[in-house]
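Asks: Below you will find the structure I want to go over with you.
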Number of protein chains: 2
Amino acid sequence: MTYCLGILLDEGLLLMADTRTNAGVDNISSYQKLHCLERTPDREIYAACCGSLSATQAVLSLVAEGVGRKGEGPGRSLPEAVSMFRCAQIVGEAVRSANRALGEALEPEKARGTTCLLLGGRIGSEPPRLFQIYAEGNFIECKADVPFLQIGETKYGRPILDRVINRTTPLAAAVKIGFLSFDSAMRSNLSVARPIDLMVMPADARAPTLSKRIENDDAYFNDLSSRWSSLLFDATQAIPDPAFMSQVEVPRPLAVVSDIRA
Amino acid sequence: MTYCLGILLDEGLLLMADTRTNAGVDNISSYQKLHCLERTPDREIYAACCGSLSATQAVLSLVAEGVGRKGEGPGRSLPEAVSMFRCAQIVGEAVRSANRALGEALEPEKARGTTCLLLGGRIGSEPPRLFQIYAEGNFIECKADVPFLQIGETKYGRPILDRVINRTTPLAAAVKIGFLSFDSAMRSNLSVARPIDLMVMPADARAPTLSKRIENDDAYFNDLSSRWSSLLFDATQAIPDPAFMSQVEVPRPLAVVSDIRA
């Protein structure tokens, strides 16, 4: 499994991806899943990929070489695309092609494998845009009502996003909340793990993009994780117990009950 | 889908289950999933069920009528079982039988359906015990290292349990934390919904068991849900932003960026 998260805010775009790959619990490895597809003065395009590693790598190569024939017409390769929408079409085509080839290869084994991805970036001085490209190659764009997109092992890390993120969340706070979302996923699922790759693209095209890897021993992340446990505990304490529980007689002394159980 | 949660603590046992059933988003209904299987002076046994409603109802009827022939030997029905382990065997047998019959019925349609459940209760003055019975009828018992079991839509509601619950958590606090876990699941997944049924069994067999339904308009639950959102936000604020984000230039004024986007 994998966990990738994209958040699109007034202040900018961020993409995060873990790096764990596994083919069974006895075959785990670490591969980069957040890739820079294009970085020139007029465009920066990133993808966070989830699914079959062979299909993902095929997508990256197809996109790098140009989907269809390069120069065939406008918008067949990322350097030529006139908008992020055209980039999503090109990458979607590569995803569909790679997944179709993998499906044919696996069919005799009755096995299945696909890749899908989050695509984010900007062309020129436009604000960043964020897309989720499905395994079939079609895609949706992130909009203000729900300013984030997730792929992979999404559920453990979703409640904090649902509650806390909105379009006006500051970029630095969103990075922190994204880390909390990853921490929840990693705590409950072994198939998501550090290092985490991070890309932060401010809305202002003149401000440089930040790329960073959060390593296994990252002190800030470790501190965030342990603070979060105690903050969550404190938060539960701040909510009053249900009044109906006052009817329930709890056993005393507790130590004796533990002893009986042991 | 469904969400059922069992928590086994030094102070006692609790079981919670939502009541939403659905066969597609255009066919939703409300059915009780937390059932009292046996309640006599010397035993109280409850089940929280997840999966095919027809298989669940078959399990309840098979258990009520006695699995195999009643009186065939000791432990073939819940009133005769000498331990909670024997109860889990009996209920497991009913689960296997109901799932096998449903599988045969659905096979021509290439459809699948099963039920599984959490079984909790006590025999005599023993402390309560909690089991998870799989669709195949085998089962595991809840032990101190991870003092809870979940079935159904488990992932959204798991992070709060992983962080906050341990064997010594007070029963009243565990009810509150269980509600928070349900609230996370309900917020992210339409197939989990109130009313929530709740059973609280204190470890001391002399203390009465509490059964309660949390309705759609329950004031305590509504308050807990809105408090939790603001407590989570406050908790994220209490963690410092990552130092590396000070390098990232955020656009100013923000209002102008919003206008460009709109």
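In the structure tokens, each chain is lettered A, B, ... as it comes, each chain's residues begin at 1, and ligands are numbered from 1 in order of appearance.
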Can you check which parts of chain B lie within 6 Å of chain A? Per residue, the shortest pair of atoms and distance in Å to one decimal, counting only C-alpha atoms, sorted by chain and number, as a tab-separated table.

Replies:
residue	atom	partner	partner_atom	distance
B:Glu11	CA	A:Val250	CA	5.9
B:Lys155	CA	A:Tyr156	CA	5.2
B:Tyr156	CA	A:Tyr156	CA	5.0
B:Pro159	CA	A:Ser184	CA	5.7
B:Arg163	CA	A:Ser229	CA	5.7
B:Val164	CA	A:Phe233	CA	5.7
B:Ala172	CA	A:Met245	CA	5.8
B:Ser184	CA	A:Pro159	CA	5.7
B:Pro202	CA	A:Val250	CA	5.8
B:Asp204	CA	A:Pro251	CA	5.3
B:Ala207	CA	A:Glu249	CA	5.8
B:Ser229	CA	A:Arg163	CA	5.7
B:Leu231	CA	A:Ala235	CA	5.8
B:Phe233	CA	A:Val164	CA	5.7
B:Ala235	CA	A:Leu231	CA	5.8
B:Asp241	CA	A:Ala172	CA	6.0
B:Met245	CA	A:Ala172	CA	5.8
B:Glu249	CA	A:Ala207	CA	5.8
B:Val250	CA	A:Pro202	CA	5.8
B:Pro251	CA	A:Asp204	CA	5.4

Asks: For the residues selected in the previous step, produce a file with N, CA and C atoms as an mmCIF file, in the first residue's frame.

Replies:
data_model
loop_
_atom_site.group_PDB
_atom_site.id
_atom_site.type_symbol
_atom_site.label_atom_id
_atom_site.label_comp_id
_atom_site.auth_asym_id
_atom_site.auth_seq_id
_atom_site.Cartn_x
_atom_site.Cartn_y
_atom_site.Cartn_z
ATOM 1 N N GLU B 11 -12.271 -2.088 34.121
ATOM 2 C CA GLU B 11 -13.555 -1.717 34.722
ATOM 3 C C GLU B 11 -14.757 -2.403 34.079
ATOM 4 N N LYS B 155 -11.531 1.733 9.819
ATOM 5 C CA LYS B 155 -10.296 2.521 9.726
ATOM 6 C C LYS B 155 -10.417 3.964 10.197
ATOM 7 N N TYR B 156 -11.510 4.637 9.823
ATOM 8 C CA TYR B 156 -11.631 6.052 10.208
ATOM 9 C C TYR B 156 -11.592 6.204 11.730
ATOM 10 N N PRO B 159 -7.624 5.548 14.633
ATOM 11 C CA PRO B 159 -6.516 6.321 15.211
ATOM 12 C C PRO B 159 -6.761 6.784 16.656
ATOM 13 N N ARG B 163 -4.422 5.568 19.963
ATOM 14 C CA ARG B 163 -3.664 6.548 20.748
ATOM 15 C C ARG B 163 -4.114 6.636 22.200
ATOM 16 N N VAL B 164 -5.390 6.421 22.458
ATOM 17 C CA VAL B 164 -5.922 6.851 23.757
ATOM 18 C C VAL B 164 -6.394 5.702 24.656
ATOM 19 N N ALA B 172 -16.341 5.049 31.757
ATOM 20 C CA ALA B 172 -17.067 6.232 31.269
ATOM 21 C C ALA B 172 -16.257 6.953 30.191
ATOM 22 N N SER B 184 -15.980 9.836 13.956
ATOM 23 C CA SER B 184 -15.039 9.900 12.832
ATOM 24 C C SER B 184 -15.527 9.038 11.675
ATOM 25 N N PRO B 202 -20.280 -3.642 33.610
ATOM 26 C CA PRO B 202 -19.190 -3.468 34.572
ATOM 27 C C PRO B 202 -18.528 -4.811 34.903
ATOM 28 N N ASP B 204 -17.630 -6.001 37.676
ATOM 29 C CA ASP B 204 -18.244 -6.616 38.854
ATOM 30 C C ASP B 204 -19.627 -7.153 38.474
ATOM 31 N N ALA B 207 -22.960 -5.546 39.553
ATOM 32 C CA ALA B 207 -23.421 -4.252 39.020
ATOM 33 C C ALA B 207 -24.238 -4.489 37.757
ATOM 34 N N SER B 229 -14.247 18.770 17.131
ATOM 35 C CA SER B 229 -13.677 19.519 16.013
ATOM 36 C C SER B 229 -12.830 20.677 16.518
ATOM 37 N N LEU B 231 -11.544 21.058 19.541
ATOM 38 C CA LEU B 231 -10.403 20.557 20.323
ATOM 39 C C LEU B 231 -9.276 20.063 19.406
ATOM 40 N N PHE B 233 -8.691 21.128 16.370
ATOM 41 C CA PHE B 233 -8.064 22.317 15.797
ATOM 42 C C PHE B 233 -7.092 22.937 16.799
ATOM 43 N N ALA B 235 -5.591 21.483 19.188
ATOM 44 C CA ALA B 235 -4.440 20.582 19.368
ATOM 45 C C ALA B 235 -3.420 20.779 18.243
ATOM 46 N N ASP B 241 4.844 24.851 14.108
ATOM 47 C CA ASP B 241 5.007 24.583 12.673
ATOM 48 C C ASP B 241 6.423 24.062 12.414
ATOM 49 N N MET B 245 9.515 25.357 7.219
ATOM 50 C CA MET B 245 8.494 26.133 6.511
ATOM 51 C C MET B 245 8.756 27.635 6.590
ATOM 52 N N GLU B 249 8.008 31.270 1.199
ATOM 53 C CA GLU B 249 7.359 32.576 1.121
ATOM 54 C C GLU B 249 5.889 32.374 0.791
ATOM 55 N N VAL B 250 5.027 32.867 1.671
ATOM 56 C CA VAL B 250 3.602 32.749 1.362
ATOM 57 C C VAL B 250 3.145 34.060 0.724
ATOM 58 N N PRO B 251 2.206 33.949 -0.202
ATOM 59 C CA PRO B 251 1.763 35.135 -0.928
ATOM 60 C C PRO B 251 1.001 36.107 -0.033
#

Asks: Would you mind listing what lies within 8 Å of Cys50 (chain A) as a PDB file with C-alpha atoms, in the first residue's frame, with only C-alpha atoms counted and same-chain residues fewer than 4 positions away left out?

Replies:
ATOM      1  CA  MET A   1       0.000   0.000   0.000  1.00  0.00           C
ATOM      2  CA  THR A   2       0.944   3.649  -0.055  1.00  0.00           C
ATOM      3  CA  TYR A   3      -0.409   6.931   1.183  1.00  0.00           C
ATOM      4  CA  CYS A   4      -0.311  10.107  -0.918  1.00  0.00           C
ATOM      5  CA  LYS A  33       6.728   7.930  -5.005  1.00  0.00           C
ATOM      6  CA  THR A  56       4.184   3.694 -12.022  1.00  0.00           C
ATOM      7  CA  THR A 115      -1.317   2.631 -10.743  1.00  0.00           C
ATOM      8  CA  CYS A 116      -3.066   5.924 -10.054  1.00  0.00           C
ATOM      9  CA  LEU A 117      -1.697   9.284  -9.004  1.00  0.00           C
ATOM     10  CA  ILE A 151      -4.907   8.029  -2.730  1.00  0.00           C
ATOM     11  CA  GLY A 152      -3.815   4.687  -1.273  1.00  0.00           C
TER      12      GLY A 152
END

Asks: Using only C-alpha atoms, pick whichever of B:Leu149, B:Leu34, B:Leu130, B:Leu14 has the shortest atom-to-atom distance to Leu161 (chain B).

Replies: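 For Leu161 (chain B), the nearest of the given residues is B:Leu149.
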
Asks: Suppose you want the space between CA of Ser77 (chain A) and CA of Leu15 (chain A); what is it in Å?

Replies: 21.9 Å

Asks: Determine which residues of region 39-108 of chain A DSSP labels as helix (DSSP H, G or I) from the backbone of this structure, then write them out as a PyMOL selection string.

Replies: chain A and resi 53-65+78-80+84-108

Asks: Calculate how many Å separate CA of Tyr31 (chain B) from CA of Ala81 (chain B), rounding to one decimal.

Replies: 28.1 Å

Asks: Enter the distance from CA of Gly51 (chain A) to CA of Thr114 (chain A), in Å, rounded to one decimal.

Replies: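 Separation between CA of Gly51 (chain A) and CA of Thr114 (chain A): 5.7 Å.
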
Asks: Can you tell me, as a list in words, which residues in region 84-183 of chain B count as strand (DSSP E or B) by DSSP?

Replies: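 So the strand (DSSP E or B) residues in region 84-183 of chain B would be Thr115, Cys116, Leu117, Leu118, Leu119, Gly120, Gly121, Arg122, Ile123, Arg129, Leu130, Phe131, Gln132, Ile133, Phe139, Ile140, Glu141, Lys143, Val146, Phe148, Leu149, Gln150, Ile151 and Gly152 of chain B.
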